[in-house]
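K.L.:
Pasting target-v6.pdb below, which is PDB, C-alpha atoms.
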MODEL        1
ATOM      1  CA  MET X 113      12.709  -7.896  10.966  1.00  0.00           C
ATOM      2  CA  SER X 114      13.287 -10.803  13.290  1.00  0.00           C
ATOM      3  CA  PRO X 115      10.270 -12.959  14.188  1.00  0.00           C
ATOM      4  CA  GLU X 116      10.642 -11.925  17.840  1.00  0.00           C
ATOM      5  CA  ARG X 117      10.653  -8.222  17.023  1.00  0.00           C
ATOM      6  CA  LEU X 118       7.699  -8.621  14.659  1.00  0.00           C
ATOM      7  CA  SER X 119       5.705 -10.438  17.347  1.00  0.00           C
ATOM      8  CA  LYS X 120       6.549  -7.753  19.914  1.00  0.00           C
ATOM      9  CA  LEU X 121       5.391  -5.044  17.515  1.00  0.00           C
ATOM     10  CA  ALA X 122       2.220  -6.919  16.585  1.00  0.00           C
ATOM     11  CA  HIS X 123       1.266  -7.370  20.246  1.00  0.00           C
ATOM     12  CA  ALA X 124       2.229  -3.868  21.456  1.00  0.00           C
ATOM     13  CA  GLY X 125      -1.379  -2.679  21.471  1.00  0.00           C
ATOM     14  CA  PHE X 126      -1.159  -0.154  18.663  1.00  0.00           C
ATOM     15  CA  PRO X 127      -4.568   0.565  17.132  1.00  0.00           C
ATOM     16  CA  TYR X 128      -2.949   0.893  13.678  1.00  0.00           C
ATOM     17  CA  ILE X 129       0.298  -0.285  12.148  1.00  0.00           C
ATOM     18  CA  TYR X 130       1.720   0.881   8.823  1.00  0.00           C
ATOM     19  CA  ALA X 131       3.386  -2.064   7.117  1.00  0.00           C
ATOM     20  CA  ALA X 132       5.978  -1.252   4.479  1.00  0.00           C
ATOM     21  CA  LEU X 133       5.551  -3.989   1.900  1.00  0.00           C
ATOM     22  CA  ARG X 134       8.931  -3.763   0.237  1.00  0.00           C
ATOM     23  CA  THR X 135      12.475  -2.700   0.834  1.00  0.00           C
ATOM     24  CA  GLY X 136      14.241  -0.242  -1.407  1.00  0.00           C
ATOM     25  CA  ILE X 137      12.984   2.797  -3.250  1.00  0.00           C
ATOM     26  CA  THR X 138       9.340   3.819  -3.105  1.00  0.00           C
ATOM     27  CA  GLY X 139       7.504   4.212  -6.363  1.00  0.00           C
ATOM     28  CA  THR X 140       8.935   1.074  -7.859  1.00  0.00           C
ATOM     29  CA  ASN X 141       7.027  -2.147  -8.364  1.00  0.00           C
ATOM     30  CA  THR X 142       6.099  -4.014  -5.204  1.00  0.00           C
ATOM     31  CA  ARG X 143       5.358  -7.734  -5.528  1.00  0.00           C
ATOM     32  CA  ILE X 144       2.453  -8.991  -3.482  1.00  0.00           C
ATOM     33  CA  ASP X 145       3.121 -12.671  -2.945  1.00  0.00           C
ATOM     34  CA  GLU X 146       2.519 -15.331  -0.317  1.00  0.00           C
ATOM     35  CA  ASN X 147       5.429 -14.011   1.783  1.00  0.00           C
ATOM     36  CA  THR X 148       3.840 -10.566   1.800  1.00  0.00           C
ATOM     37  CA  LEU X 149       0.486 -11.953   2.898  1.00  0.00           C
ATOM     38  CA  GLN X 150       2.101 -14.069   5.635  1.00  0.00           C
ATOM     39  CA  PHE X 151       3.945 -10.977   6.881  1.00  0.00           C
ATOM     40  CA  LEU X 152       0.682  -9.018   7.018  1.00  0.00           C
ATOM     41  CA  ASN X 153      -1.001 -11.849   8.889  1.00  0.00           C
ATOM     42  CA  LYS X 154       1.773 -11.774  11.505  1.00  0.00           C
ATOM     43  CA  VAL X 155       1.579  -7.979  11.803  1.00  0.00           C
ATOM     44  CA  SER X 156      -2.144  -8.165  12.525  1.00  0.00           C
ATOM     45  CA  GLU X 157      -1.912 -11.003  15.100  1.00  0.00           C
ATOM     46  CA  GLY X 158      -2.214  -8.577  18.013  1.00  0.00           C
ATOM     47  CA  GLY X 159      -5.428  -7.035  16.730  1.00  0.00           C
ATOM     48  CA  SER X 160      -4.012  -3.875  15.163  1.00  0.00           C
ATOM     49  CA  LYS X 161      -5.550  -2.606  11.959  1.00  0.00           C
ATOM     50  CA  VAL X 162      -2.864  -2.757   9.300  1.00  0.00           C
ATOM     51  CA  TYR X 163      -2.283  -0.186   6.588  1.00  0.00           C
ATOM     52  CA  GLY X 164      -0.097  -1.583   3.819  1.00  0.00           C
ATOM     53  CA  GLY X 165       1.911   0.434   1.376  1.00  0.00           C
ATOM     54  CA  PHE X 166       5.230   1.402  -0.155  1.00  0.00           C
ATOM     55  CA  GLY X 167       5.271   0.939  -3.886  1.00  0.00           C
ATOM     56  CA  ILE X 168       1.569   0.259  -4.382  1.00  0.00           C
ATOM     57  CA  SER X 169       0.708   1.549  -7.835  1.00  0.00           C
ATOM     58  CA  ASN X 170      -2.016  -0.535  -9.459  1.00  0.00           C
ATOM     59  CA  GLY X 171      -5.352  -2.193  -8.939  1.00  0.00           C
ATOM     60  CA  GLU X 172      -3.914  -5.689  -9.127  1.00  0.00           C
ATOM     61  CA  GLN X 173      -1.744  -5.009  -6.081  1.00  0.00           C
ATOM     62  CA  ALA X 174      -4.637  -3.379  -4.228  1.00  0.00           C
ATOM     63  CA  LYS X 175      -6.902  -6.341  -4.948  1.00  0.00           C
ATOM     64  CA  ALA X 176      -4.233  -8.789  -3.750  1.00  0.00           C
ATOM     65  CA  LEU X 177      -4.000  -6.880  -0.453  1.00  0.00           C
ATOM     66  CA  ALA X 178      -7.715  -6.250   0.076  1.00  0.00           C
ATOM     67  CA  ASP X 179      -8.346  -9.137   2.466  1.00  0.00           C
ATOM     68  CA  SER X 180      -5.150  -8.569   4.463  1.00  0.00           C
ATOM     69  CA  VAL X 181      -5.164  -4.855   5.262  1.00  0.00           C
ATOM     70  CA  GLU X 182      -7.516  -2.219   6.581  1.00  0.00           C
ATOM     71  CA  ALA X 183      -6.372   0.144   3.821  1.00  0.00           C
ATOM     72  CA  ILE X 184      -3.652   0.521   1.238  1.00  0.00           C
ATOM     73  CA  VAL X 185      -1.337   3.506   1.172  1.00  0.00           C
ATOM     74  CA  ALA X 186      -0.453   4.735  -2.299  1.00  0.00           C
ATOM     75  CA  GLY X 187       1.518   7.941  -2.481  1.00  0.00           C
ATOM     76  CA  SER X 188       4.274   7.861  -5.064  1.00  0.00           C
ATOM     77  CA  VAL X 189       1.899   6.800  -7.809  1.00  0.00           C
ATOM     78  CA  PHE X 190      -0.056  10.029  -7.279  1.00  0.00           C
ATOM     79  CA  VAL X 191       3.091  12.156  -7.060  1.00  0.00           C
ATOM     80  CA  ARG X 192       4.115  10.733 -10.441  1.00  0.00           C
ATOM     81  CA  LEU X 193       0.720  11.576 -11.962  1.00  0.00           C
ATOM     82  CA  ILE X 194       0.847  15.096 -10.560  1.00  0.00           C
ATOM     83  CA  THR X 195       4.327  15.619 -11.985  1.00  0.00           C
ATOM     84  CA  GLU X 196       3.352  14.239 -15.382  1.00  0.00           C
ATOM     85  CA  ASN X 197       0.212  16.389 -15.620  1.00  0.00           C
ATOM     86  CA  GLN X 198       1.176  19.489 -13.674  1.00  0.00           C
ATOM     87  CA  ASN X 199       0.591  21.827 -16.606  1.00  0.00           C
ATOM     88  CA  ASP X 200      -2.800  20.463 -17.588  1.00  0.00           C
ATOM     89  CA  LYS X 201      -5.423  20.758 -14.881  1.00  0.00           C
ATOM     90  CA  ASP X 202      -8.020  18.678 -16.716  1.00  0.00           C
ATOM     91  CA  ALA X 203      -5.586  15.871 -17.564  1.00  0.00           C
ATOM     92  CA  LEU X 204      -4.386  15.889 -13.950  1.00  0.00           C
ATOM     93  CA  PHE X 205      -7.939  15.521 -12.634  1.00  0.00           C
ATOM     94  CA  LYS X 206      -8.682  12.676 -15.045  1.00  0.00           C
ATOM     95  CA  ALA X 207      -5.424  10.841 -14.303  1.00  0.00           C
ATOM     96  CA  VAL X 208      -5.784  11.074 -10.528  1.00  0.00           C
ATOM     97  CA  ARG X 209      -9.441  10.077 -10.637  1.00  0.00           C
ATOM     98  CA  ALA X 210      -8.741   7.099 -12.916  1.00  0.00           C
ATOM     99  CA  LYS X 211      -5.910   5.882 -10.680  1.00  0.00           C
ATOM    100  CA  ALA X 212      -8.031   6.252  -7.525  1.00  0.00           C
ATOM    101  CA  GLU X 213     -10.820   4.289  -9.182  1.00  0.00           C
ATOM    102  CA  GLU X 214      -8.368   1.603 -10.277  1.00  0.00           C
ATOM    103  CA  LEU X 215      -6.889   1.269  -6.784  1.00  0.00           C
ATOM    104  CA  THR X 216     -10.280   1.138  -5.096  1.00  0.00           C
ATOM    105  CA  GLY X 217     -11.824  -1.167  -7.673  1.00  0.00           C
ATOM    106  CA  THR X 218     -14.566   1.311  -8.539  1.00  0.00           C
ATOM    107  CA  CYS X 219     -13.751   1.702 -12.229  1.00  0.00           C
TER
ENDMDL
END
Write out the structure in this file as structure tokens.

P.N.:
Amino acid sequence: MSPERLSKLAHAGFPYIYAALRTGITGTNTRIDENTLQFLNKVSEGGSKVYGGFGISNGEQAKALADSVEAIVAGSVFVRLITENQNDKDALFKAVRAKAEELTGTC
């Protein structure tokens, strides 16, 4: 996204903005680096609360984003766990709970 377009979006007055943190296929590893954090800072310049996601799958990523976003969005990681444990209700519960705890830092 061009800097001009990003600034226009950031200052459009949206209460919330979803920021996709990678390009490509969801569910693959997303690197949270200084460029990512600078992007999030620019997105939030207009006062919008920023939700960051797209490829977020572990607690390390969530922790790296914690100070830069209102919330993380993690979907594909849970779809994968559901698929892997679809025939075992107890294993599914444990896997989803463990991943939620990891992402929220409550484990």

K.L.:
Which one of X:Ile184, X:Ala124, X:Ala132, X:Ala176 sits closest to Ile144 of chain X if you count only C-alpha atoms?

P.N.:
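That would be X:Ala176, the residue with the smallest distance to Ile144 of chain X.
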
K.L.:
What is the atom CA of Val162 of chain X to atom CA of Ile129 of chain X distance in Å?

P.N.:
4.9 Å

K.L.:
Name the residues captured by the PyMOL selection byres ((chain X and resi 170) around 8) when it is applied to the shown file; answer as a list in words.

P.N.:
Ile168, Ser169, Gly171, Glu172, Gln173, Ala174, Lys211, Glu214 and Leu215 of chain X

K.L.:
With 6 Å added on each side, what axis-aligned box encloses every listed atom of segment 201-211 of chain X? Give the centre and edge lengths in Å to one decimal, as JSON.

P.N.:
{"center_x": -6.9, "center_y": 13.3, "center_z": -14.0, "size_x": 17.1, "size_y": 26.9, "size_z": 19.0}

K.L.:
So how many Å separate atom CA of Gly187 of chain X and atom CA of Gly164 of chain X, to one decimal?

P.N.:
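Pair atom CA of Gly187 of chain X / atom CA of Gly164 of chain X returns 11.5 Å.
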
K.L.:
Can you work out the spacing between atom CA of Glu116 of chain X and atom CA of Leu152 of chain X in Å, to one decimal?

P.N.:
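That distance, rounded to one decimal, is 15.0 Å.
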
K.L.:
Please list as an NGL selection string every residue within 10 Å of Pro115 of chain X, counting all atoms listed in the file and excluding residues in the same chain fewer than 5 positions away.

P.N.:
:X and (120-121 or 151 or 154)
